[in-house]
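Trainee: final34.cif is the file, holding mmCIF, C-alpha atoms:
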```cif
data_data
loop_
_atom_site.label_atom_id
_atom_site.label_comp_id
_atom_site.auth_asym_id
_atom_site.auth_seq_id
_atom_site.Cartn_x
_atom_site.Cartn_y
_atom_site.Cartn_z
CA MET A 715 -91.26 -8.16 49.95
CA GLY A 716 -92.20 -8.59 46.32
CA PHE A 717 -91.16 -5.02 45.68
CA LEU A 718 -87.70 -5.65 47.10
CA ARG A 719 -87.30 -8.73 44.95
CA LEU A 720 -88.30 -6.75 41.86
CA LEU A 721 -85.89 -4.01 42.77
CA ALA A 722 -83.06 -6.48 43.29
CA TRP A 723 -83.85 -8.20 40.01
CA SER A 724 -83.88 -4.91 38.18
CA PHE A 725 -80.57 -3.94 39.73
CA MET A 726 -78.96 -7.23 38.75
CA THR A 727 -80.37 -6.93 35.24
CA ALA A 728 -79.00 -3.41 34.93
CA VAL A 729 -75.59 -4.46 36.20
CA PHE A 730 -75.56 -7.37 33.79
CA GLY A 731 -76.59 -5.08 30.95
CA VAL A 732 -73.84 -2.62 31.78
CA MET A 733 -71.30 -5.40 31.96
CA LEU A 734 -72.53 -6.70 28.63
CA LEU A 735 -72.23 -3.26 27.04
CA VAL A 736 -68.79 -2.73 28.52
CA GLY A 737 -67.70 -6.12 27.30
CA ALA A 738 -69.11 -5.50 23.82
CA GLY A 739 -67.45 -2.09 23.72
CA TYR A 740 -64.14 -3.53 24.82
CA TRP A 741 -64.42 -6.25 22.18
CA LEU A 742 -65.31 -3.73 19.47
CA TYR A 743 -62.47 -1.44 20.49
CA SER A 744 -60.00 -4.31 20.57
CA GLU A 745 -61.09 -5.55 17.17
CA ALA A 746 -61.04 -2.02 15.69
CA GLU A 747 -57.50 -1.36 16.91
CA ALA A 748 -56.11 -4.83 16.21
CA PRO A 749 -53.70 -5.13 13.27
CA GLY A 750 -55.37 -6.21 10.05
CA SER A 751 -54.50 -9.13 7.85
CA LEU A 752 -52.72 -7.19 5.09
CA ALA A 753 -49.28 -8.71 4.55
CA GLU A 754 -48.13 -5.82 2.35
CA GLN A 755 -49.21 -2.33 1.34
CA GLN A 756 -52.26 -2.23 -0.92
CA THR A 757 -54.02 0.44 -2.98
CA ILE A 758 -57.81 0.45 -3.33
CA VAL A 759 -60.13 2.80 -5.21
CA ILE A 760 -63.34 3.80 -3.37
CA PRO A 761 -65.99 4.74 -5.98
CA PRO A 762 -68.13 7.87 -5.52
CA HIS A 763 -71.39 7.51 -3.54
CA SER A 764 -70.19 4.33 -1.81
CA SER A 765 -72.12 3.43 1.37
CA ILE A 766 -70.57 2.37 4.66
CA VAL A 767 -71.66 -1.21 3.99
CA SER A 768 -70.17 -1.30 0.47
CA VAL A 769 -66.88 0.23 1.66
CA ALA A 770 -66.67 -2.28 4.51
CA GLU A 771 -67.36 -5.19 2.16
CA MET A 772 -64.73 -3.94 -0.30
CA LEU A 773 -62.12 -3.62 2.44
CA GLY A 774 -63.00 -7.10 3.65
CA GLU A 775 -62.73 -8.62 0.15
CA ARG A 776 -59.32 -7.04 -0.36
CA GLY A 777 -58.07 -8.18 3.02
CA VAL A 778 -57.67 -4.74 4.58
CA VAL A 779 -60.05 -5.54 7.48
CA ARG A 780 -60.65 -8.94 8.97
CA GLN A 781 -64.29 -8.33 9.90
CA PRO A 782 -66.27 -5.86 7.78
CA VAL A 783 -68.94 -5.61 10.50
CA VAL A 784 -66.37 -4.10 12.86
CA PHE A 785 -65.59 -1.38 10.30
CA GLN A 786 -69.33 -0.69 9.88
CA LEU A 787 -69.99 -0.43 13.63
CA VAL A 788 -66.99 1.80 14.29
CA ALA A 789 -67.89 4.06 11.33
CA LYS A 790 -71.48 4.46 12.61
CA LEU A 791 -70.71 4.79 16.31
CA THR A 792 -67.97 7.38 15.80
CA GLY A 793 -70.01 9.35 13.27
CA ARG A 794 -67.17 9.18 10.73
CA GLY A 795 -69.23 7.10 8.35
CA VAL A 796 -70.69 10.27 6.86
CA GLU A 797 -67.17 11.54 6.17
CA LEU A 798 -66.09 8.69 3.86
CA LYS A 799 -64.70 10.15 0.64
CA PRO A 800 -64.18 8.54 -2.77
CA GLY A 801 -60.72 8.21 -4.22
CA GLU A 802 -57.62 6.06 -4.41
CA TYR A 803 -56.26 5.07 -1.00
CA GLU A 804 -53.10 3.34 0.11
CA PHE A 805 -53.36 1.10 3.16
CA PRO A 806 -50.16 -0.01 4.92
CA ALA A 807 -49.48 -3.60 5.86
CA GLY A 808 -51.27 -4.59 9.06
CA ALA A 809 -53.60 -1.56 8.99
CA SER A 810 -56.35 -1.79 11.61
CA ALA A 811 -60.05 -1.13 10.91
CA MET A 812 -59.77 2.18 12.81
CA GLN A 813 -56.71 3.21 10.81
CA ALA A 814 -58.45 2.35 7.53
CA LEU A 815 -61.49 4.41 8.61
CA ASN A 816 -59.32 7.42 9.48
CA ILE A 817 -57.48 7.24 6.13
CA ILE A 818 -60.72 7.27 4.11
CA ALA A 819 -62.55 9.81 6.29
CA ALA A 820 -59.59 12.21 6.12
CA GLY A 821 -59.45 11.93 2.32
CA LYS A 822 -55.76 10.94 2.34
CA THR A 823 -55.81 9.86 -1.28
CA VAL A 824 -52.76 8.65 -3.20
CA LYS A 825 -50.91 11.57 -4.78
CA ARG A 826 -49.71 10.73 -8.26
CA ARG A 827 -47.16 12.83 -10.16
CA LEU A 828 -46.91 13.91 -13.78
CA THR A 829 -43.59 15.45 -14.83
CA VAL A 830 -43.60 17.68 -17.91
CA PRO A 831 -40.02 18.25 -19.14
CA GLU A 832 -38.92 21.67 -20.37
CA GLY A 833 -38.93 22.30 -24.10
CA LEU A 834 -41.80 20.06 -25.18
CA THR A 835 -44.31 21.29 -27.71
CA SER A 836 -47.92 21.64 -26.61
CA ALA A 837 -48.84 18.57 -28.66
CA GLU A 838 -46.23 16.55 -26.77
CA VAL A 839 -47.53 17.82 -23.42
CA VAL A 840 -51.09 16.86 -24.36
CA ALA A 841 -49.85 13.39 -25.31
CA LEU A 842 -48.29 13.03 -21.84
CA VAL A 843 -51.57 14.03 -20.21
CA LYS A 844 -53.54 11.61 -22.39
CA ASN A 845 -51.25 8.75 -21.35
CA ALA A 846 -51.17 9.64 -17.65
CA PRO A 847 -52.83 6.84 -15.66
CA ALA A 848 -55.85 7.49 -13.44
CA LEU A 849 -56.84 10.77 -15.14
CA GLU A 850 -60.27 10.96 -16.74
CA GLY A 851 -61.76 12.61 -19.81
CA ASP A 852 -60.30 14.25 -22.88
CA PRO A 853 -57.70 17.03 -22.45
CA GLY A 854 -59.41 19.19 -25.05
CA PRO A 855 -57.82 21.12 -27.92
CA THR A 856 -54.05 21.50 -28.04
CA PRO A 857 -53.02 24.81 -26.42
CA VAL A 858 -50.92 27.42 -28.19
CA GLU A 859 -47.15 26.96 -27.88
CA GLY A 860 -45.73 28.60 -24.78
CA GLU A 861 -48.98 28.51 -22.77
CA LEU A 862 -48.05 25.57 -20.52
CA LEU A 863 -45.45 25.61 -17.75
CA PRO A 864 -43.20 22.53 -17.57
CA SER A 865 -43.08 21.23 -14.02
CA THR A 866 -44.10 18.27 -11.85
CA TYR A 867 -47.82 18.23 -11.07
CA GLN A 868 -49.58 16.20 -8.39
CA TYR A 869 -52.98 14.72 -9.05
CA SER A 870 -55.37 12.15 -7.67
CA TYR A 871 -57.28 9.24 -9.18
CA GLY A 872 -60.23 10.49 -11.20
CA ASP A 873 -58.97 14.04 -11.73
CA SER A 874 -59.86 15.63 -15.08
CA ARG A 875 -57.36 15.87 -17.91
CA LYS A 876 -58.84 19.24 -18.87
CA ASP A 877 -58.24 20.46 -15.34
CA MET A 878 -54.63 19.27 -15.52
CA ILE A 879 -54.04 21.26 -18.72
CA GLU A 880 -55.70 24.28 -17.14
CA ARG A 881 -53.43 24.00 -14.09
CA MET A 882 -50.40 24.10 -16.41
CA ARG A 883 -51.81 27.15 -18.19
CA GLN A 884 -52.46 29.00 -14.94
CA ALA A 885 -49.01 28.09 -13.64
CA MET A 886 -47.43 29.65 -16.73
CA GLU A 887 -49.51 32.80 -16.33
CA ARG A 888 -48.49 33.21 -12.69
CA THR A 889 -44.81 32.48 -13.35
CA LEU A 890 -44.61 34.79 -16.35
CA ALA A 891 -46.37 37.64 -14.52
CA GLN A 892 -43.94 37.40 -11.61
CA LEU A 893 -40.77 37.15 -13.74
CA TRP A 894 -41.92 39.95 -16.04
CA LYS A 895 -41.97 42.27 -13.02
CA GLU A 896 -38.35 41.30 -12.31
CA ARG A 897 -37.06 41.86 -15.86
CA ARG A 898 -34.13 44.04 -16.80
CA PRO A 899 -35.45 47.43 -17.91
CA ASP A 900 -33.20 47.73 -20.98
CA LEU A 901 -34.41 44.66 -22.89
CA PRO A 902 -35.63 44.84 -26.52
CA LEU A 903 -38.73 42.86 -25.51
CA GLY A 904 -42.05 44.62 -25.70
CA SER A 905 -44.36 42.13 -23.99
CA PRO A 906 -44.47 38.97 -21.87
CA LYS A 907 -45.28 37.03 -25.05
CA GLU A 908 -42.00 38.12 -26.64
CA ALA A 909 -40.22 37.01 -23.48
CA VAL A 910 -41.74 33.53 -23.86
CA ILE A 911 -40.74 33.44 -27.54
CA LEU A 912 -37.11 34.20 -26.69
CA ALA A 913 -37.21 31.80 -23.72
CA SER A 914 -38.46 28.97 -25.94
CA ILE A 915 -35.48 29.43 -28.28
CA VAL A 916 -33.05 29.53 -25.35
CA GLU A 917 -34.71 26.37 -23.96
CA LYS A 918 -34.12 24.46 -27.19
CA GLU A 919 -30.56 25.72 -27.60
CA THR A 920 -28.98 24.46 -24.40
CA ALA A 921 -29.71 21.87 -21.74
CA ARG A 922 -27.36 23.57 -19.28
CA GLU A 923 -29.18 25.91 -16.95
CA GLU A 924 -26.03 27.88 -16.16
CA GLU A 925 -25.56 28.67 -19.88
CA ARG A 926 -29.05 29.97 -20.56
CA PRO A 927 -28.46 33.59 -19.44
CA HIS A 928 -25.38 33.73 -21.71
CA VAL A 929 -27.28 32.30 -24.69
CA ALA A 930 -30.09 34.78 -24.04
CA GLY A 931 -27.52 37.59 -23.86
CA VAL A 932 -26.22 36.68 -27.33
CA TYR A 933 -29.72 36.79 -28.79
CA VAL A 934 -30.51 40.09 -27.05
CA ASN A 935 -27.35 41.61 -28.60
CA ARG A 936 -28.36 40.42 -32.04
CA LEU A 937 -31.87 41.81 -31.62
CA ARG A 938 -30.43 45.19 -30.62
CA GLN A 939 -28.12 45.26 -33.66
CA GLY A 940 -30.82 44.16 -36.09
CA MET A 941 -29.01 40.91 -36.88
CA PRO A 942 -30.96 37.75 -37.72
CA LEU A 943 -31.06 35.40 -34.77
CA GLN A 944 -30.12 32.44 -37.00
CA ALA A 945 -31.34 29.93 -34.43
CA ASP A 946 -31.48 26.39 -35.76
CA PRO A 947 -34.32 25.34 -33.42
CA THR A 948 -36.61 27.82 -35.16
CA VAL A 949 -35.79 26.22 -38.52
CA LEU A 950 -36.47 22.78 -37.09
CA PHE A 951 -39.82 24.04 -35.80
CA ALA A 952 -40.64 25.55 -39.20
CA LEU A 953 -39.80 22.31 -41.00
CA ALA A 954 -41.91 20.30 -38.56
CA SER A 955 -44.83 22.73 -38.92
CA ASN A 956 -44.65 22.40 -42.71
CA ASN A 957 -44.60 18.61 -42.35
CA GLY A 958 -47.65 18.09 -40.17
CA GLY A 959 -45.68 18.27 -36.94
CA ALA A 960 -43.26 15.46 -37.83
CA LYS A 961 -39.77 16.19 -36.50
CA LEU A 962 -36.74 16.13 -38.76
CA ASP A 963 -34.86 12.83 -38.46
CA ARG A 964 -31.55 14.13 -39.83
CA PRO A 965 -29.19 17.08 -39.29
CA LEU A 966 -30.03 20.42 -40.86
CA ASN A 967 -28.47 21.22 -44.22
CA HIS A 968 -28.02 24.46 -46.16
CA ALA A 969 -31.25 23.96 -48.11
CA ASP A 970 -33.21 23.77 -44.86
CA LEU A 971 -32.05 27.25 -43.90
CA SER A 972 -34.06 28.66 -46.82
CA VAL A 973 -37.39 27.11 -45.77
CA SER A 974 -40.28 29.47 -46.34
CA SER A 975 -41.70 30.22 -42.91
CA PRO A 976 -42.07 33.22 -40.61
CA TYR A 977 -40.34 31.05 -37.99
CA ASN A 978 -37.15 30.82 -40.06
CA THR A 979 -34.81 33.17 -38.20
CA TYR A 980 -32.17 32.81 -40.91
CA ALA A 981 -34.52 34.37 -43.48
CA ASN A 982 -36.34 36.79 -41.13
CA LYS A 983 -34.97 39.32 -38.68
CA GLY A 984 -36.32 39.70 -35.18
CA LEU A 985 -38.23 37.20 -33.11
CA PRO A 986 -40.47 34.60 -34.76
CA PRO A 987 -44.24 35.19 -34.46
CA GLY A 988 -44.67 32.78 -31.55
CA PRO A 989 -42.91 30.40 -29.17
CA ILE A 990 -41.50 27.18 -30.62
CA ALA A 991 -42.01 25.15 -27.41
CA ASN A 992 -43.00 25.46 -23.78
CA PRO A 993 -40.01 26.91 -21.89
CA GLY A 994 -39.31 26.25 -18.24
CA LYS A 995 -38.97 28.81 -15.49
CA ALA A 996 -35.16 28.94 -15.75
CA SER A 997 -35.26 29.80 -19.45
CA ILE A 998 -37.93 32.48 -18.93
CA ARG A 999 -35.81 34.01 -16.18
CA ALA A 1000 -32.76 33.88 -18.47
CA ALA A 1001 -34.66 35.67 -21.24
CA LEU A 1002 -35.79 38.42 -18.84
CA ARG A 1003 -32.49 38.72 -16.98
CA PRO A 1004 -29.89 37.77 -19.60
CA GLU A 1005 -26.17 37.94 -19.00
CA LYS A 1006 -24.51 41.19 -20.00
CA THR A 1007 -22.06 40.20 -22.70
CA GLU A 1008 -20.59 41.44 -25.98
CA ASP A 1009 -20.79 38.00 -27.59
CA LEU A 1010 -22.70 37.58 -30.84
CA TYR A 1011 -21.95 33.93 -31.63
CA PHE A 1012 -21.82 30.52 -30.04
CA VAL A 1013 -21.22 26.94 -31.14
CA ALA A 1014 -21.46 23.58 -29.33
CA ASP A 1015 -18.14 22.61 -27.78
CA GLY A 1016 -18.61 18.84 -27.75
CA THR A 1017 -19.02 18.59 -23.97
CA GLY A 1018 -22.69 19.51 -23.82
CA GLY A 1019 -21.94 23.21 -23.56
CA HIS A 1020 -21.05 26.00 -25.98
CA ALA A 1021 -18.08 28.15 -26.95
CA PHE A 1022 -19.00 31.83 -27.22
CA ALA A 1023 -17.41 34.48 -29.45
CA ARG A 1024 -17.56 38.23 -30.00
CA THR A 1025 -16.40 38.21 -33.63
CA LEU A 1026 -16.88 36.02 -36.67
CA ALA A 1027 -13.14 35.31 -36.71
CA ASP A 1028 -13.35 33.95 -33.16
CA GLN A 1029 -16.41 31.92 -34.15
CA ASN A 1030 -14.54 30.39 -37.09
CA HIS A 1031 -11.67 29.53 -34.76
CA ASN A 1032 -14.08 27.78 -32.37
CA ILE A 1033 -15.64 25.85 -35.25
CA ALA A 1034 -12.22 24.72 -36.53
CA ALA A 1035 -11.13 23.71 -33.04
CA GLY A 1036 -14.32 21.76 -32.60
CA ARG A 1037 -13.90 19.94 -35.88
CA ALA A 1038 -10.32 19.05 -35.01
CA ALA A 1039 -11.43 17.76 -31.62
CA ASN A 1040 -14.15 15.71 -33.28
CA ALA A 1041 -11.71 14.25 -35.78
CA GLN A 1042 -9.29 13.36 -32.99
CA ALA A 1043 -12.08 11.77 -30.97
CA ALA A 1044 -13.20 9.75 -34.01
CA ALA A 1045 -9.64 8.57 -34.66
CA SER A 1046 -9.21 7.57 -31.02
CA ALA A 1047 -12.49 5.69 -31.08
CA ALA A 1048 -11.50 3.86 -34.28
CA ALA A 1049 -8.11 2.93 -32.84
CA ALA A 1050 -9.73 1.66 -29.64
CA ALA A 1051 -12.23 -0.40 -31.64
CA ALA A 1052 -9.42 -1.88 -33.76
CA ALA A 1053 -7.40 -2.71 -30.66
CA THR A 1054 -10.38 -4.44 -29.12
CA ALA A 1055 -11.01 -6.44 -32.30
CA SER A 1056 -7.34 -7.47 -32.42
CA ALA A 1057 -7.41 -8.58 -28.80
CA VAL A 1058 -10.56 -10.64 -29.39
CA ALA A 1059 -9.04 -12.28 -32.48
CA ALA A 1060 -5.81 -13.07 -30.63
CA SER A 1061 -7.76 -14.59 -27.74
CA ALA A 1062 -9.79 -16.74 -30.12
CA ALA A 1063 -6.63 -17.90 -31.91
CA ASN A 1064 -4.97 -18.77 -28.60
CA THR A 1065 -7.98 -20.82 -27.57
CA ALA A 1066 -8.00 -22.66 -30.90
CA THR A 1067 -4.25 -23.42 -30.61
CA LYS A 1068 -4.66 -24.90 -27.13
CA ALA A 1069 -7.56 -27.04 -28.30
CA ALA A 1070 -5.55 -28.32 -31.28
CA ALA A 1071 -2.58 -29.25 -29.03
CA LYS A 1072 -4.63 -31.86 -27.16
CA PRO A 1073 -4.09 -35.46 -28.51
CA SER A 1074 -7.03 -36.98 -30.32
CA PRO A 1075 -7.35 -40.69 -31.13
CA ALA A 1076 -9.48 -40.02 -34.17
CA ALA A 1077 -7.61 -37.18 -35.83
CA ARG A 1078 -4.27 -35.42 -35.98
CA PRO A 1079 -3.84 -32.23 -33.94
CA ALA A 1080 -5.07 -29.22 -35.84
CA GLN A 1081 -2.81 -26.29 -36.44
CA ALA A 1082 -4.31 -22.85 -36.04
CA ALA A 1083 -2.79 -19.82 -37.68
CA THR A 1084 -3.92 -16.32 -37.06
CA LYS A 1085 -3.05 -12.97 -38.44
CA PRO A 1086 -3.02 -9.92 -36.27
CA ALA A 1087 -5.81 -7.47 -37.02
CA HIS A 1088 -4.75 -4.02 -38.19
CA ALA A 1089 -6.66 -0.81 -37.64
CA ALA A 1090 -7.84 0.89 -40.78
CA PRO A 1091 -6.24 4.29 -41.36
CA THR A 1092 -8.40 7.20 -40.32
CA ARG A 1093 -8.37 10.54 -42.10
CA ALA A 1094 -8.88 13.75 -40.25
CA VAL A 1095 -11.59 15.99 -41.65
CA SER A 1096 -10.33 19.42 -42.52
CA ALA A 1097 -12.03 22.39 -40.95
CA SER A 1098 -13.46 25.06 -43.22
CA PRO A 1099 -13.94 28.49 -41.66
CA ALA A 1100 -17.29 30.23 -41.94
CA LYS A 1101 -17.55 32.96 -44.53
CA PRO A 1102 -19.44 36.17 -43.91
CA GLY A 1103 -22.65 36.34 -45.91
CA SER A 1104 -23.15 32.58 -46.31
CA PRO A 1105 -24.91 30.15 -43.99
CA ASN A 1106 -22.55 28.17 -41.80
CA THR A 1107 -24.02 25.06 -40.24
CA ALA A 1108 -20.77 23.35 -39.22
CA ARG A 1109 -21.27 22.25 -35.63
CA ILE A 1110 -19.57 20.36 -32.89
CA ALA A 1111 -21.74 17.50 -31.65
CA ALA A 1112 -24.44 18.69 -29.25
CA PRO A 1113 -25.44 16.72 -26.14
CA ALA A 1114 -27.33 13.55 -27.02
CA SER A 1115 -30.47 14.65 -25.20
CA ARG A 1116 -30.90 17.63 -27.53
CA ALA A 1117 -28.85 16.72 -30.56
CA ALA A 1118 -31.82 17.40 -32.80
CA THR A 1119 -32.29 20.95 -31.59
CA GLN A 1120 -28.88 22.34 -30.61
CA THR A 1121 -27.30 23.01 -33.96
CA THR A 1122 -27.17 26.79 -34.07
CA VAL A 1123 -24.23 28.54 -35.65
CA LEU A 1124 -24.71 32.26 -35.72
CA ARG A 1125 -23.35 34.59 -38.34
CA PRO A 1126 -23.87 38.27 -39.10
#
```
For the file at hand, write its structure as C-alpha cells.
Mentor:
Amino acid sequence: MGFLRLLAWSFMTAVFGVMLLVGAGYWLYSEAEAPGSLAEQQTIVIPPHSSIVSVAEMLGERGVVRQPVVFQLVAKLTGRGVELKPGEYEFPAGASAMQALNIIAAGKTVKRRLTVPEGLTSAEVVALVKNAPALEGDPGPTPVEGELLPSTYQYSYGDSRKDMIERMRQAMERTLAQLWKERRPDLPLGSPKEAVILASIVEKETAREEERPHVAGVYVNRLRQGMPLQADPTVLFALASNNGGAKLDRPLNHADLSVSSPYNTYANKGLPPGPIANPGKASIRAALRPEKTEDLYFVADGTGGHAFARTLADQNHNIAAGRAANAQAAASAAAAAAATASAVAASAANTATKAAAKPSPAARPAQAATKPAHAAPTRAVSASPAKPGSPNTARIAAPASRAATQTTVLRP
C-alpha cells in the first residue's frame, strides 16, 4: 500500500515537474520572440571579449531587450552564446531578444563606406582615411602617387586604417594587371607604370568619362611624334611639389610653364617620371585602349568638354571661338544683372511712391523720384591666335569641379 502511494506521489511530482518545465519553456520562448521595446532603429557597438552577461546588460540598458535574463537564457540554452562576435550592430525597431541574438551571433555588423574620388593625390587619400569614422590606428606613410585605386570601400567598426590603405593598393595592382593584359599592342608605353602615369594625366584633364579615350589618343600621338605633352596638370603638380604640396590658387601663367621640374611636360618631352595623382579604372582603360585619332590638340569648350584639333590652325580657331563665346556669355550675364538691378530699383521706387501717396496728419505726402538704372557697356575681349613656338595658355573655362586642373592647351 505504501509503495503504491509512493509511486503515485512520484508520478504526480514528475507530471508537475514536466508541466512546470513546459510552462517555463513556453514563457521563455514567448518572451524571446516577443517584440522588444525599441521605438526606432539603434546602433550599438559590442566590445571584444564581451561575455553573455555583459552583452545582455548592454542590450537591456539601450532598450533593445526588455529582460536581459531572457537574452542570457536563450543564448546559453541554444548554444549561440559562444558565437557572439564583437562589432557594430544595427538593431531594427521592435527587435526581439532572439532576433538580437541571431544578429550578433551571425556577425551581421554595420557596413560603412568610404568613397575615394578619382584624381586625388595619395596625401589627399590618406587624409580621407584619417578622417573616416570608426577606423582605428594610423594609416602609415603616404604611398607613392598612382598606387591607390579610387573606388568605394566597405569597412566595419574597428577596422585598421593601414589595412584600408593596403586594400586600395592591392585593388590597384589587380586592376592594372588585368587592364595591362587588354592593352592595345601598338602603344608607346613600355610598362604598367607608364600606363598609370599617362592615366593620371588623362584623369586630371577631363571629368567626362566618354572623352578620356580621345584625350589619351591625343597624348599617344604626341608621344609617337616626339612632341612635348604640354599638359597643364603636370605643371600644377610640379608647382605644388615645389611648394610643399600646396595647390596653386590661381590660373597658370606663362612664367609657370618654365618651372624647373622633371614633371613639367612643357619643358621636357615624354612622360613625367611618375603619376601626378591616383587615376580611376576608366582613365587607366583609356590610357591602355585610347581612341584612334589624328588629333594633336584640344582645348576646353566651355561646356565641360573639349574641342579637338588635328592642326595648330584648327586649334587657334577653337581658341578664338571659345574666347568669343566667353565674351558673349559675359556680356549676357552683365546685361541680365543690369536688368535685374533695374527691376529691383523700379519696384522699390513704386513702393515708395505708393507709401508717399497716403495722407498723413503730421506731414505732407512725400514725392519719390527714381531714375532708371542703365547697364554698363561691356567690351568684348579680342581673341589672339596661338603662335607656333610660344606657349599658349588661352583657355575656355573648364568645368567648375576641375577648373584648377583642366587648363591644357597643346602646341607643337
Trainee: Would you mind reading off the distance between atom CA of A:Glu838 and atom CA of A:Ala960, one decimal, in Å?
Mentor: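 These atoms are spaced 11.5 Å apart.
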Trainee: Name the residues that the PyMOL selection byres ((chain A and resi 927) around 10) picks from the file above, as a VMD selection string, using the file's chain letters and numbers.
Mentor: chain A and resid 913 916 923 to 926 928 to 933 996 to 1007
Trainee: Any chance you could work out the residue set of the PyMOL selection byres ((chain A and resi 1018-1024) around 9) here, as a tab-separated table (two decimals) with C-alpha atoms, in the frame of the given file?
Mentor:
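expr.tsv, written as the output of this step:
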```tsv
chain	number	residue	atom	x	y	z
A	920	THR	CA	-28.98	24.46	-24.40
A	921	ALA	CA	-29.71	21.87	-21.74
A	922	ARG	CA	-27.36	23.57	-19.28
A	925	GLU	CA	-25.56	28.67	-19.88
A	928	HIS	CA	-25.38	33.73	-21.71
A	929	VAL	CA	-27.28	32.30	-24.69
A	932	VAL	CA	-26.22	36.68	-27.33
A	1007	THR	CA	-22.06	40.20	-22.70
A	1008	GLU	CA	-20.59	41.44	-25.98
A	1009	ASP	CA	-20.79	38.00	-27.59
A	1010	LEU	CA	-22.70	37.58	-30.84
A	1011	TYR	CA	-21.95	33.93	-31.63
A	1012	PHE	CA	-21.82	30.52	-30.04
A	1013	VAL	CA	-21.22	26.94	-31.14
A	1014	ALA	CA	-21.46	23.58	-29.33
A	1015	ASP	CA	-18.14	22.61	-27.78
A	1016	GLY	CA	-18.61	18.84	-27.75
A	1017	THR	CA	-19.02	18.59	-23.97
A	1025	THR	CA	-16.40	38.21	-33.63
A	1026	LEU	CA	-16.88	36.02	-36.67
A	1027	ALA	CA	-13.14	35.31	-36.71
A	1028	ASP	CA	-13.35	33.95	-33.16
A	1029	GLN	CA	-16.41	31.92	-34.15
A	1032	ASN	CA	-14.08	27.78	-32.37
A	1033	ILE	CA	-15.64	25.85	-35.25
A	1111	ALA	CA	-21.74	17.50	-31.65
A	1112	ALA	CA	-24.44	18.69	-29.25
A	1113	PRO	CA	-25.44	16.72	-26.14
A	1114	ALA	CA	-27.33	13.55	-27.02
```
Trainee: Starting from the PyMOL selection byres ((chain A and resi 832) around 7), expand the selection into actual residues of this file and give them as a PyMOL selection string.
Mentor: chain A and resi 830-831+833-834+864+992-994
Trainee: Using all atoms listed in the file, pick whichever of A:Asn935, A:Gln756, A:Thr1054, A:Ser914 has the shortest atom-to-atom distance to A:Thr948.
Mentor: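 Under the stated criterion, the closest residue is A:Ser914.
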Trainee: Name the residues in contact with A:Gly750 at a cut-off of 7 Å, using only C-alpha atoms, excluding same-chain residues fewer than 2 positions from it; report them as a VMD selection string.
Mentor: chain A and resid 748 752 778 to 780 808 to 811
Trainee: So, with only C-alpha atoms as the atoms that count, which of A:Leu903, A:Ala1052, A:Ala1059, A:Ala820 lies closest to A:Arg794?
Mentor: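 Residue with the minimum atom-to-atom distance to A:Arg794: A:Ala820.
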Trainee: When distances are computed from all atoms listed in the file, which of A:Thr1067, A:Gln868, A:Glu861, A:Gly940 shows the smallest separation from A:Lys907?
Mentor: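 For A:Lys907, the nearest of the given residues is A:Glu861.
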Trainee: Atom CA of A:Leu815 to atom CA of A:Gln786: how many Å, to one decimal?
Mentor: 9.4 Å
Trainee: Nearest to A:Ser768: which of A:Ala1057, A:Gly851, A:Gln755, A:Phe785 is it, counting all atoms listed in the file?
Mentor: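 Nearest to A:Ser768: A:Phe785.
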Trainee: For A:Arg888, which residue out of A:Leu901, A:Gly774, A:Pro906, A:His968 is the nearest one, using all atoms listed in the file?
Mentor: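 For A:Arg888, the nearest of the given residues is A:Pro906.
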Trainee: Can you measure atom CA of A:Asp852 to atom CA of A:Glu880 for me? One decimal in Å is fine.
Mentor: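 Taking atom CA of A:Asp852 as the start and atom CA of A:Glu880 as the end point, the length is 12.4 Å.
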Trainee: I'd like the contact shell of A:Val796 - 9 Å cut-off, only C-alpha atoms, skipping same-chain residues fewer than 2 positions apart - returned as a ChimeraX atom specification.
Mentor: /A:765-766,789-790,793-794,798-799,819
Trainee: Write the residues of the selection above to a file with C-alpha atoms, as an mmCIF file, in the frame of the given file.
Mentor:
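Dumped to result.cif:
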```cif
data_model
loop_
_atom_site.group_PDB
_atom_site.id
_atom_site.type_symbol
_atom_site.label_atom_id
_atom_site.label_comp_id
_atom_site.auth_asym_id
_atom_site.auth_seq_id
_atom_site.Cartn_x
_atom_site.Cartn_y
_atom_site.Cartn_z
ATOM 1 C CA SER A 765 -72.120 3.430 1.370
ATOM 2 C CA ILE A 766 -70.570 2.370 4.660
ATOM 3 C CA ALA A 789 -67.890 4.060 11.330
ATOM 4 C CA LYS A 790 -71.480 4.460 12.610
ATOM 5 C CA GLY A 793 -70.010 9.350 13.270
ATOM 6 C CA ARG A 794 -67.170 9.180 10.730
ATOM 7 C CA LEU A 798 -66.090 8.690 3.860
ATOM 8 C CA LYS A 799 -64.700 10.150 0.640
ATOM 9 C CA ALA A 819 -62.550 9.810 6.290
#
```
Trainee: What's around A:Ser972 at 9 Å? Count only C-alpha atoms, leave out sequence neighbours fewer than 6 positions away in its own chain, and write the answer as number ranges by chain.
Mentor: A: 949, 978, 980-981
Trainee: Which residue, A:Leu953, A:Ile990, A:Met886, A:Leu863, has the smallest gap to A:Leu912 when you use only C-alpha atoms?
Mentor: A:Ile990
Trainee: Quick one: residues within 8 Å of A:Pro782, all atoms listed in the file, excluding same-chain residues fewer than 5 positions away - as a list of chain:residue names?
Mentor: A:Ala770, A:Glu771, A:Leu773, A:Gly774
